[in-house]
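Data block for entry23.tsv (TSV, all heavy atoms):
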```
chain	number	residue	atom	x	y	z
A	107	MET	N	-9.48	-87.77	44.89
A	107	MET	CA	-8.82	-87.44	43.64
A	107	MET	C	-9.07	-88.56	42.63
A	107	MET	O	-8.88	-89.72	42.92
A	107	MET	CB	-7.32	-87.26	43.89
A	107	MET	CG	-6.57	-86.90	42.64
A	107	MET	SD	-4.88	-86.37	42.95
A	107	MET	CE	-4.07	-87.92	43.23
A	108	THR	N	-9.51	-88.20	41.42
A	108	THR	CA	-9.77	-89.15	40.37
A	108	THR	C	-8.61	-89.17	39.38
A	108	THR	O	-8.16	-88.12	38.94
A	108	THR	CB	-11.07	-88.78	39.61
A	108	THR	OG1	-12.12	-88.69	40.55
A	108	THR	CG2	-11.40	-89.81	38.57
A	109	MET	N	-8.14	-90.37	39.05
A	109	MET	CA	-7.07	-90.49	38.07
A	109	MET	C	-7.68	-90.58	36.68
A	109	MET	O	-8.63	-91.32	36.45
A	109	MET	CB	-6.23	-91.73	38.35
A	109	MET	CG	-5.43	-91.63	39.63
A	109	MET	SD	-4.33	-93.03	39.87
A	109	MET	CE	-3.27	-92.90	38.47
A	110	ALA	N	-7.15	-89.81	35.76
A	110	ALA	CA	-7.63	-89.83	34.39
A	110	ALA	C	-7.10	-91.07	33.67
A	110	ALA	O	-5.96	-91.47	33.87
A	110	ALA	CB	-7.17	-88.58	33.66
A	111	THR	N	-7.94	-91.65	32.83
A	111	THR	CA	-7.51	-92.79	32.02
A	111	THR	C	-6.76	-92.29	30.80
A	111	THR	O	-6.78	-91.09	30.47
A	111	THR	CB	-8.72	-93.63	31.55
A	111	THR	OG1	-9.49	-92.83	30.65
A	111	THR	CG2	-9.57	-94.09	32.71
A	112	LEU	N	-6.13	-93.19	30.11
A	112	LEU	CA	-5.43	-92.87	28.87
A	112	LEU	C	-6.39	-92.20	27.89
A	112	LEU	O	-6.07	-91.18	27.28
A	112	LEU	CB	-4.84	-94.15	28.26
A	112	LEU	CG	-4.23	-94.03	26.88
A	112	LEU	CD1	-2.96	-93.21	26.94
A	112	LEU	CD2	-3.96	-95.40	26.31
A	113	PHE	N	-7.61	-92.74	27.77
A	113	PHE	CA	-8.57	-92.22	26.81
A	113	PHE	C	-9.09	-90.85	27.22
A	113	PHE	O	-9.31	-89.98	26.38
A	113	PHE	CB	-9.70	-93.21	26.59
A	113	PHE	CG	-9.19	-94.53	26.07
A	113	PHE	CD1	-9.22	-95.66	26.85
A	113	PHE	CD2	-8.65	-94.62	24.80
A	113	PHE	CE1	-8.74	-96.87	26.38
A	113	PHE	CE2	-8.15	-95.82	24.32
A	113	PHE	CZ	-8.19	-96.94	25.11
A	114	THR	N	-9.26	-90.63	28.51
A	114	THR	CA	-9.67	-89.30	28.99
A	114	THR	C	-8.61	-88.27	28.65
A	114	THR	O	-8.92	-87.15	28.23
A	114	THR	CB	-9.91	-89.33	30.51
A	114	THR	OG1	-10.88	-90.31	30.82
A	114	THR	CG2	-10.36	-87.98	31.02
A	115	LYS	N	-7.35	-88.64	28.81
A	115	LYS	CA	-6.26	-87.73	28.49
A	115	LYS	C	-6.21	-87.42	27.00
A	115	LYS	O	-5.93	-86.29	26.60
A	115	LYS	CB	-4.93	-88.30	28.97
A	115	LYS	CG	-4.78	-88.28	30.48
A	115	LYS	CD	-3.44	-88.83	30.92
A	115	LYS	CE	-3.31	-88.75	32.42
A	115	LYS	NZ	-1.98	-89.17	32.86
A	116	ILE	N	-6.49	-88.40	26.15
A	116	ILE	CA	-6.54	-88.17	24.70
A	116	ILE	C	-7.69	-87.23	24.37
A	116	ILE	O	-7.52	-86.25	23.63
A	116	ILE	CB	-6.67	-89.50	23.93
A	116	ILE	CG1	-5.37	-90.30	24.06
A	116	ILE	CG2	-6.99	-89.23	22.46
A	116	ILE	CD1	-5.46	-91.72	23.52
A	117	ILE	N	-8.87	-87.47	24.93
A	117	ILE	CA	-10.04	-86.63	24.67
A	117	ILE	C	-9.79	-85.20	25.13
A	117	ILE	O	-10.18	-84.24	24.46
A	117	ILE	CB	-11.29	-87.23	25.36
A	117	ILE	CG1	-11.69	-88.52	24.65
A	117	ILE	CG2	-12.45	-86.23	25.38
A	117	ILE	CD1	-12.72	-89.35	25.41
A	118	ASN	N	-9.11	-85.03	26.26
A	118	ASN	CA	-8.82	-83.70	26.79
A	118	ASN	C	-7.64	-83.02	26.12
A	118	ASN	O	-7.31	-81.88	26.44
A	118	ASN	CB	-8.56	-83.78	28.30
A	118	ASN	CG	-9.81	-84.13	29.07
A	118	ASN	OD1	-10.92	-83.88	28.62
A	118	ASN	ND2	-9.64	-84.70	30.25
A	119	GLY	N	-6.97	-83.71	25.19
A	119	GLY	CA	-5.84	-83.12	24.46
A	119	GLY	C	-4.52	-83.16	25.20
A	119	GLY	O	-3.55	-82.54	24.78
A	120	GLU	N	-4.46	-83.91	26.31
A	120	GLU	CA	-3.22	-84.02	27.08
A	120	GLU	C	-2.24	-84.99	26.43
A	120	GLU	O	-1.03	-84.90	26.67
A	120	GLU	CB	-3.54	-84.48	28.50
A	120	GLU	CG	-4.42	-83.52	29.27
A	120	GLU	CD	-4.92	-84.11	30.57
A	120	GLU	OE1	-4.20	-84.92	31.18
A	120	GLU	OE2	-6.04	-83.75	30.97
A	121	ILE	N	-2.74	-85.92	25.65
A	121	ILE	CA	-1.92	-86.88	24.90
A	121	ILE	C	-2.27	-86.69	23.42
A	121	ILE	O	-3.45	-86.69	23.06
A	121	ILE	CB	-2.21	-88.33	25.33
A	121	ILE	CG1	-1.81	-88.54	26.79
A	121	ILE	CG2	-1.48	-89.32	24.43
A	121	ILE	CD1	-2.15	-89.90	27.35
A	122	PRO	N	-1.28	-86.52	22.54
A	122	PRO	CA	-1.57	-86.30	21.13
A	122	PRO	C	-2.14	-87.55	20.46
A	122	PRO	O	-1.85	-88.68	20.87
A	122	PRO	CB	-0.21	-85.92	20.53
A	122	PRO	CG	0.80	-86.49	21.46
A	122	PRO	CD	0.15	-86.51	22.83
A	123	CYS	N	-2.95	-87.33	19.44
A	123	CYS	CA	-3.50	-88.43	18.64
A	123	CYS	C	-3.74	-87.92	17.23
A	123	CYS	O	-3.72	-86.72	16.98
A	123	CYS	CB	-4.79	-88.96	19.25
A	123	CYS	SG	-6.18	-87.81	19.13
A	124	TYR	N	-3.97	-88.85	16.31
A	124	TYR	CA	-4.32	-88.48	14.94
A	124	TYR	C	-5.83	-88.59	14.81
A	124	TYR	O	-6.38	-89.67	14.62
A	124	TYR	CB	-3.62	-89.39	13.92
A	124	TYR	CG	-3.85	-88.93	12.51
A	124	TYR	CD1	-3.04	-87.94	11.94
A	124	TYR	CD2	-4.88	-89.45	11.75
A	124	TYR	CE1	-3.27	-87.50	10.65
A	124	TYR	CE2	-5.11	-89.01	10.47
A	124	TYR	CZ	-4.30	-88.04	9.92
A	124	TYR	OH	-4.52	-87.60	8.65
A	125	LYS	N	-6.52	-87.45	14.97
A	125	LYS	CA	-7.99	-87.43	14.91
A	125	LYS	C	-8.46	-87.59	13.48
A	125	LYS	O	-7.93	-86.96	12.56
A	125	LYS	CB	-8.52	-86.11	15.46
A	125	LYS	CG	-8.28	-85.93	16.92
A	125	LYS	CD	-8.82	-84.58	17.38
A	125	LYS	CE	-8.39	-84.30	18.79
A	125	LYS	NZ	-8.78	-82.96	19.22
A	126	VAL	N	-9.47	-88.43	13.28
A	126	VAL	CA	-10.08	-88.58	11.96
A	126	VAL	C	-11.46	-87.95	11.93
A	126	VAL	O	-11.97	-87.64	10.86
A	126	VAL	CB	-10.13	-90.06	11.50
A	126	VAL	CG1	-8.73	-90.58	11.26
A	126	VAL	CG2	-10.84	-90.93	12.50
A	127	ALA	N	-12.07	-87.74	13.10
A	127	ALA	CA	-13.38	-87.07	13.19
A	127	ALA	C	-13.59	-86.61	14.62
A	127	ALA	O	-13.12	-87.25	15.56
A	127	ALA	CB	-14.50	-88.00	12.76
A	128	GLU	N	-14.32	-85.51	14.77
A	128	GLU	CA	-14.64	-85.02	16.11
A	128	GLU	C	-15.80	-84.05	16.02
A	128	GLU	O	-15.91	-83.27	15.09
A	128	GLU	CB	-13.42	-84.29	16.70
A	128	GLU	CG	-13.66	-83.75	18.09
A	128	GLU	CD	-12.44	-83.04	18.66
A	128	GLU	OE1	-11.59	-82.56	17.88
A	128	GLU	OE2	-12.34	-82.98	19.89
A	129	ASN	N	-16.70	-84.15	16.99
A	129	ASN	CA	-17.74	-83.14	17.17
A	129	ASN	C	-18.02	-83.05	18.66
A	129	ASN	O	-17.23	-83.54	19.47
A	129	ASN	CB	-19.00	-83.45	16.34
A	129	ASN	CG	-19.73	-84.70	16.75
A	129	ASN	OD1	-19.61	-85.16	17.89
A	129	ASN	ND2	-20.50	-85.27	15.85
A	130	ASP	N	-19.12	-82.42	19.06
A	130	ASP	CA	-19.38	-82.24	20.49
A	130	ASP	C	-19.86	-83.51	21.18
A	130	ASP	O	-19.95	-83.55	22.40
A	130	ASP	CB	-20.37	-81.10	20.71
A	130	ASP	CG	-21.71	-81.35	20.06
A	130	ASP	OD1	-21.78	-82.13	19.08
A	130	ASP	OD2	-22.71	-80.77	20.52
A	131	LYS	N	-20.12	-84.59	20.42
A	131	LYS	CA	-20.62	-85.83	21.01
A	131	LYS	C	-19.64	-87.00	20.96
A	131	LYS	O	-19.75	-87.93	21.73
A	131	LYS	CB	-21.92	-86.24	20.33
A	131	LYS	CG	-23.02	-85.22	20.51
A	131	LYS	CD	-24.34	-85.78	20.12
A	131	LYS	CE	-25.38	-84.70	20.09
A	131	LYS	NZ	-26.04	-84.46	21.30
A	132	PHE	N	-18.67	-86.97	20.04
A	132	PHE	CA	-17.71	-88.08	19.93
A	132	PHE	C	-16.39	-87.62	19.35
A	132	PHE	O	-16.28	-86.55	18.78
A	132	PHE	CB	-18.29	-89.23	19.11
A	132	PHE	CG	-18.18	-89.03	17.62
A	132	PHE	CD1	-17.13	-89.59	16.93
A	132	PHE	CD2	-19.12	-88.30	16.92
A	132	PHE	CE1	-17.00	-89.40	15.55
A	132	PHE	CE2	-19.01	-88.11	15.56
A	132	PHE	CZ	-17.94	-88.66	14.87
A	133	ILE	N	-15.39	-88.48	19.50
A	133	ILE	CA	-14.08	-88.29	18.89
A	133	ILE	C	-13.65	-89.64	18.30
A	133	ILE	O	-13.91	-90.69	18.88
A	133	ILE	CB	-13.04	-87.77	19.91
A	133	ILE	CG1	-11.68	-87.53	19.25
A	133	ILE	CG2	-12.91	-88.71	21.08
A	133	ILE	CD1	-10.67	-86.85	20.17
A	134	ALA	N	-13.04	-89.60	17.14
A	134	ALA	CA	-12.51	-90.81	16.51
A	134	ALA	C	-11.05	-90.53	16.15
A	134	ALA	O	-10.73	-89.48	15.62
A	134	ALA	CB	-13.30	-91.15	15.26
A	135	PHE	N	-10.18	-91.48	16.47
A	135	PHE	CA	-8.77	-91.32	16.16
A	135	PHE	C	-8.18	-92.66	15.77
A	135	PHE	O	-8.71	-93.71	16.09
A	135	PHE	CB	-8.00	-90.68	17.32
A	135	PHE	CG	-8.20	-91.36	18.65
A	135	PHE	CD1	-7.38	-92.40	19.05
A	135	PHE	CD2	-9.21	-90.96	19.51
A	135	PHE	CE1	-7.54	-93.03	20.27
A	135	PHE	CE2	-9.38	-91.57	20.74
A	135	PHE	CZ	-8.56	-92.61	21.11
A	136	LEU	N	-7.04	-92.61	15.07
A	136	LEU	CA	-6.39	-93.84	14.63
A	136	LEU	C	-5.77	-94.56	15.82
A	136	LEU	O	-5.23	-93.93	16.74
A	136	LEU	CB	-5.31	-93.53	13.59
A	136	LEU	CG	-5.80	-93.03	12.25
A	136	LEU	CD1	-4.61	-92.74	11.33
A	136	LEU	CD2	-6.76	-94.00	11.59
A	137	ASP	N	-5.85	-95.87	15.78
A	137	ASP	CA	-5.27	-96.72	16.81
A	137	ASP	C	-3.75	-96.65	16.71
A	137	ASP	O	-3.19	-96.70	15.61
A	137	ASP	CB	-5.76	-98.15	16.60
A	137	ASP	CG	-5.46	-99.07	17.76
A	137	ASP	OD1	-4.42	-98.89	18.41
A	137	ASP	OD2	-6.25	-99.99	18.00
A	138	ILE	N	-3.06	-96.54	17.83
A	138	ILE	CA	-1.60	-96.44	17.83
A	138	ILE	C	-0.94	-97.78	17.49
A	138	ILE	O	0.18	-97.84	17.00
A	138	ILE	CB	-1.09	-95.91	19.18
A	138	ILE	CG1	0.36	-95.47	19.06
A	138	ILE	CG2	-1.27	-96.92	20.29
A	138	ILE	CD1	0.87	-94.69	20.24
A	139	ASN	N	-1.64	-98.89	17.73
A	139	ASN	CA	-1.11	-100.22	17.46
A	139	ASN	C	-2.21	-101.06	16.79
A	139	ASN	O	-2.73	-102.00	17.38
A	139	ASN	CB	-0.65	-100.87	18.78
A	139	ASN	CG	0.17	-102.11	18.56
A	139	ASN	OD1	0.66	-102.34	17.46
A	139	ASN	ND2	0.31	-102.92	19.58
A	140	PRO	N	-2.55	-100.73	15.54
A	140	PRO	CA	-3.70	-101.37	14.89
A	140	PRO	C	-3.46	-102.82	14.49
A	140	PRO	O	-2.35	-103.21	14.16
A	140	PRO	CB	-3.91	-100.51	13.65
A	140	PRO	CG	-2.55	-99.97	13.34
A	140	PRO	CD	-1.89	-99.77	14.68
A	141	LEU	N	-4.53	-103.59	14.54
A	141	LEU	CA	-4.49	-104.96	14.02
A	141	LEU	C	-4.64	-104.96	12.51
A	141	LEU	O	-4.11	-105.82	11.82
A	141	LEU	CB	-5.61	-105.79	14.65
A	141	LEU	CG	-5.50	-106.00	16.16
A	141	LEU	CD1	-6.72	-106.74	16.68
A	141	LEU	CD2	-4.24	-106.75	16.52
A	142	LYS	N	-5.36	-103.94	11.99
A	142	LYS	CA	-5.55	-103.77	10.55
A	142	LYS	C	-5.26	-102.32	10.20
A	142	LYS	O	-5.47	-101.42	11.01
A	142	LYS	CB	-6.99	-104.09	10.16
A	142	LYS	CG	-7.38	-105.52	10.37
A	142	LYS	CD	-8.81	-105.77	9.95
A	142	LYS	CE	-9.20	-107.20	10.20
A	142	LYS	NZ	-10.59	-107.45	9.85
A	143	LYS	N	-4.81	-102.08	8.98
A	143	LYS	CA	-4.50	-100.73	8.53
A	143	LYS	C	-5.74	-99.84	8.63
A	143	LYS	O	-6.82	-100.23	8.20
A	143	LYS	CB	-4.00	-100.77	7.08
A	143	LYS	CG	-3.56	-99.45	6.55
A	143	LYS	CD	-3.02	-99.58	5.14
A	143	LYS	CE	-2.59	-98.24	4.61
A	143	LYS	NZ	-2.06	-98.34	3.25
A	144	GLY	N	-5.57	-98.66	9.21
A	144	GLY	CA	-6.66	-97.70	9.31
A	144	GLY	C	-7.62	-97.93	10.46
A	144	GLY	O	-8.65	-97.29	10.54
A	145	GLU	N	-7.28	-98.85	11.37
A	145	GLU	CA	-8.16	-99.12	12.51
A	145	GLU	C	-8.33	-97.87	13.36
A	145	GLU	O	-7.38	-97.15	13.63
A	145	GLU	CB	-7.57	-100.24	13.36
A	145	GLU	CG	-8.48	-100.71	14.46
A	145	GLU	CD	-7.95	-101.94	15.17
A	145	GLU	OE1	-6.79	-102.34	14.94
A	145	GLU	OE2	-8.70	-102.49	15.95
A	146	ARG	N	-9.59	-97.59	13.77
A	146	ARG	CA	-9.89	-96.40	14.53
A	146	ARG	C	-10.55	-96.74	15.84
A	146	ARG	O	-11.11	-97.80	16.01
A	146	ARG	CB	-10.86	-95.51	13.72
A	146	ARG	CG	-10.25	-95.00	12.44
A	146	ARG	CD	-11.28	-94.48	11.48
A	146	ARG	NE	-12.30	-95.44	11.06
A	146	ARG	CZ	-12.15	-96.35	10.12
A	146	ARG	NH1	-11.00	-96.48	9.50
A	146	ARG	NH2	-13.12	-97.16	9.79
A	147	ALA	N	-10.47	-95.80	16.76
A	147	ALA	CA	-11.16	-95.92	18.06
A	147	ALA	C	-12.17	-94.78	18.13
A	147	ALA	O	-11.89	-93.66	17.73
A	147	ALA	CB	-10.16	-95.81	19.20
A	148	TYR	N	-13.37	-95.09	18.63
A	148	TYR	CA	-14.43	-94.09	18.77
A	148	TYR	C	-14.83	-93.99	20.23
A	148	TYR	O	-15.00	-95.00	20.90
A	148	TYR	CB	-15.67	-94.50	17.96
A	148	TYR	CG	-15.46	-94.59	16.49
A	148	TYR	CD1	-15.03	-95.77	15.89
A	148	TYR	CD2	-15.66	-93.48	15.68
A	148	TYR	CE1	-14.83	-95.86	14.53
A	148	TYR	CE2	-15.46	-93.55	14.31
A	148	TYR	CZ	-15.05	-94.75	13.75
A	148	TYR	OH	-14.84	-94.82	12.41
A	149	PHE	N	-14.98	-92.77	20.73
A	149	PHE	CA	-15.38	-92.55	22.11
A	149	PHE	C	-16.38	-91.42	22.19
A	149	PHE	O	-16.23	-90.40	21.54
A	149	PHE	CB	-14.16	-92.21	22.98
A	149	PHE	CG	-13.21	-93.35	23.12
A	149	PHE	CD1	-12.15	-93.50	22.26
A	149	PHE	CD2	-13.41	-94.30	24.10
A	149	PHE	CE1	-11.28	-94.56	22.36
A	149	PHE	CE2	-12.56	-95.37	24.21
A	149	PHE	CZ	-11.49	-95.51	23.35
A	150	GLY	N	-17.39	-91.62	23.03
A	150	GLY	CA	-18.37	-90.58	23.30
A	150	GLY	C	-17.78	-89.57	24.27
A	150	GLY	O	-17.03	-89.92	25.17
A	151	CYS	N	-18.07	-88.30	24.04
A	151	CYS	CA	-17.60	-87.24	24.92
A	151	CYS	C	-18.79	-86.65	25.65
A	151	CYS	O	-19.86	-86.52	25.11
A	151	CYS	CB	-16.94	-86.14	24.10
A	151	CYS	SG	-15.57	-86.68	23.09
A	152	SER	N	-18.57	-86.31	26.89
A	152	SER	CA	-19.66	-85.66	27.63
A	152	SER	C	-19.15	-84.42	28.34
A	152	SER	O	-18.02	-84.15	28.42
A	152	SER	CB	-20.26	-86.61	28.64
A	152	SER	OG	-19.29	-87.16	29.46
```

Now that the file is in, can you turn its structure into structure tokens?
Amino acid sequence: MTMATLFTKIINGEIPCYKVAENDKFIAFLDINPLKKGERAYFGCS
């Protein structure tokens, strides 16, 4: 059994996020605890 990471759960829609961009290759969403205003996280999807 594989445990899903926090980021896998966000990508799969199990944990809500504020998406700023998404397509079939990546997802970008705002950081929940940013160091700077508007900081985003980008992840490749497969």

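You will find atom N of A:Lys115 at 15.7 Å from atom OD2 of A:Asp137.
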
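Here the DSSP assignment of strand (DSSP E), based on backbone atoms, applies within chain A to Lys125, Val126, Ala127, Glu128, Phe132, Ile133, Ala134, Phe135, Leu136, Arg146, Ala147, Tyr148, Phe149 and Gly150 of chain A.
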
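Each of A:Gly150, A:Ile133, A:Gly144, A:Ile138 was checked against A:Gly119 using only C-alpha atoms; the smallest atom-to-atom distance is that of A:Ile133.
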
With a distance cut-off of 4 Å and all atoms listed in the file, select the neighbouring residues of stretch 121-132 of chain A, excluding the residue or stretch itself and same-chain residues fewer than 3 positions from it, and output the selection as an mmCIF file with all heavy atoms, in the coordinates of the input.
```cif
data_model
loop_
_atom_site.group_PDB
_atom_site.id
_atom_site.type_symbol
_atom_site.label_atom_id
_atom_site.label_comp_id
_atom_site.auth_asym_id
_atom_site.auth_seq_id
_atom_site.Cartn_x
_atom_site.Cartn_y
_atom_site.Cartn_z
ATOM 1 N N LEU A 112 -6.130 -93.190 30.110
ATOM 2 C CA LEU A 112 -5.430 -92.870 28.870
ATOM 3 C C LEU A 112 -6.390 -92.200 27.890
ATOM 4 O O LEU A 112 -6.070 -91.180 27.280
ATOM 5 C CB LEU A 112 -4.840 -94.150 28.260
ATOM 6 C CG LEU A 112 -4.230 -94.030 26.880
ATOM 7 C CD1 LEU A 112 -2.960 -93.210 26.940
ATOM 8 C CD2 LEU A 112 -3.960 -95.400 26.310
ATOM 9 N N LYS A 115 -7.350 -88.640 28.810
ATOM 10 C CA LYS A 115 -6.260 -87.730 28.490
ATOM 11 C C LYS A 115 -6.210 -87.420 27.000
ATOM 12 O O LYS A 115 -5.930 -86.290 26.600
ATOM 13 C CB LYS A 115 -4.930 -88.300 28.970
ATOM 14 C CG LYS A 115 -4.780 -88.280 30.480
ATOM 15 C CD LYS A 115 -3.440 -88.830 30.920
ATOM 16 C CE LYS A 115 -3.310 -88.750 32.420
ATOM 17 N NZ LYS A 115 -1.980 -89.170 32.860
ATOM 18 N N ILE A 116 -6.490 -88.400 26.150
ATOM 19 C CA ILE A 116 -6.540 -88.170 24.700
ATOM 20 C C ILE A 116 -7.690 -87.230 24.370
ATOM 21 O O ILE A 116 -7.520 -86.250 23.630
ATOM 22 C CB ILE A 116 -6.670 -89.500 23.930
ATOM 23 C CG1 ILE A 116 -5.370 -90.300 24.060
ATOM 24 C CG2 ILE A 116 -6.990 -89.230 22.460
ATOM 25 C CD1 ILE A 116 -5.460 -91.720 23.520
ATOM 26 N N PHE A 135 -10.180 -91.480 16.470
ATOM 27 C CA PHE A 135 -8.770 -91.320 16.160
ATOM 28 C C PHE A 135 -8.180 -92.660 15.770
ATOM 29 O O PHE A 135 -8.710 -93.710 16.090
ATOM 30 C CB PHE A 135 -8.000 -90.680 17.320
ATOM 31 C CG PHE A 135 -8.200 -91.360 18.650
ATOM 32 C CD1 PHE A 135 -7.380 -92.400 19.050
ATOM 33 C CD2 PHE A 135 -9.210 -90.960 19.510
ATOM 34 C CE1 PHE A 135 -7.540 -93.030 20.270
ATOM 35 C CE2 PHE A 135 -9.380 -91.570 20.740
ATOM 36 C CZ PHE A 135 -8.560 -92.610 21.110
ATOM 37 N N LEU A 136 -7.040 -92.610 15.070
ATOM 38 C CA LEU A 136 -6.390 -93.840 14.630
ATOM 39 C C LEU A 136 -5.770 -94.560 15.820
ATOM 40 O O LEU A 136 -5.230 -93.930 16.740
ATOM 41 C CB LEU A 136 -5.310 -93.530 13.590
ATOM 42 C CG LEU A 136 -5.800 -93.030 12.250
ATOM 43 C CD1 LEU A 136 -4.610 -92.740 11.330
ATOM 44 C CD2 LEU A 136 -6.760 -94.000 11.590
ATOM 45 N N ARG A 146 -9.590 -97.590 13.770
ATOM 46 C CA ARG A 146 -9.890 -96.400 14.530
ATOM 47 C C ARG A 146 -10.550 -96.740 15.840
ATOM 48 O O ARG A 146 -11.110 -97.800 16.010
ATOM 49 C CB ARG A 146 -10.860 -95.510 13.720
ATOM 50 C CG ARG A 146 -10.250 -95.000 12.440
ATOM 51 C CD ARG A 146 -11.280 -94.480 11.480
ATOM 52 N NE ARG A 146 -12.300 -95.440 11.060
ATOM 53 C CZ ARG A 146 -12.150 -96.350 10.120
ATOM 54 N NH1 ARG A 146 -11.000 -96.480 9.500
ATOM 55 N NH2 ARG A 146 -13.120 -97.160 9.790
ATOM 56 N N PHE A 149 -14.980 -92.770 20.730
ATOM 57 C CA PHE A 149 -15.380 -92.550 22.110
ATOM 58 C C PHE A 149 -16.380 -91.420 22.190
ATOM 59 O O PHE A 149 -16.230 -90.400 21.540
ATOM 60 C CB PHE A 149 -14.160 -92.210 22.980
ATOM 61 C CG PHE A 149 -13.210 -93.350 23.120
ATOM 62 C CD1 PHE A 149 -12.150 -93.500 22.260
ATOM 63 C CD2 PHE A 149 -13.410 -94.300 24.100
ATOM 64 C CE1 PHE A 149 -11.280 -94.560 22.360
ATOM 65 C CE2 PHE A 149 -12.560 -95.370 24.210
ATOM 66 C CZ PHE A 149 -11.490 -95.510 23.350
ATOM 67 N N GLY A 150 -17.390 -91.620 23.030
ATOM 68 C CA GLY A 150 -18.370 -90.580 23.300
ATOM 69 C C GLY A 150 -17.780 -89.570 24.270
ATOM 70 O O GLY A 150 -17.030 -89.920 25.170
ATOM 71 N N CYS A 151 -18.070 -88.300 24.040
ATOM 72 C CA CYS A 151 -17.600 -87.240 24.920
ATOM 73 C C CYS A 151 -18.790 -86.650 25.650
ATOM 74 O O CYS A 151 -19.860 -86.520 25.110
ATOM 75 C CB CYS A 151 -16.940 -86.140 24.100
ATOM 76 S SG CYS A 151 -15.570 -86.680 23.090
#
```

Picked from chain A by DSSP as helix (DSSP H, G or I), as a PyMOL selection string:
chain A and resi 112-117

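Note that atom CG of A:Asn118 and atom CD of A:Glu145 are 22.7 Å apart.
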
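Pairwise distance (atom O of A:Ala134, atom C of A:Ala147) equals 6.0 Å.
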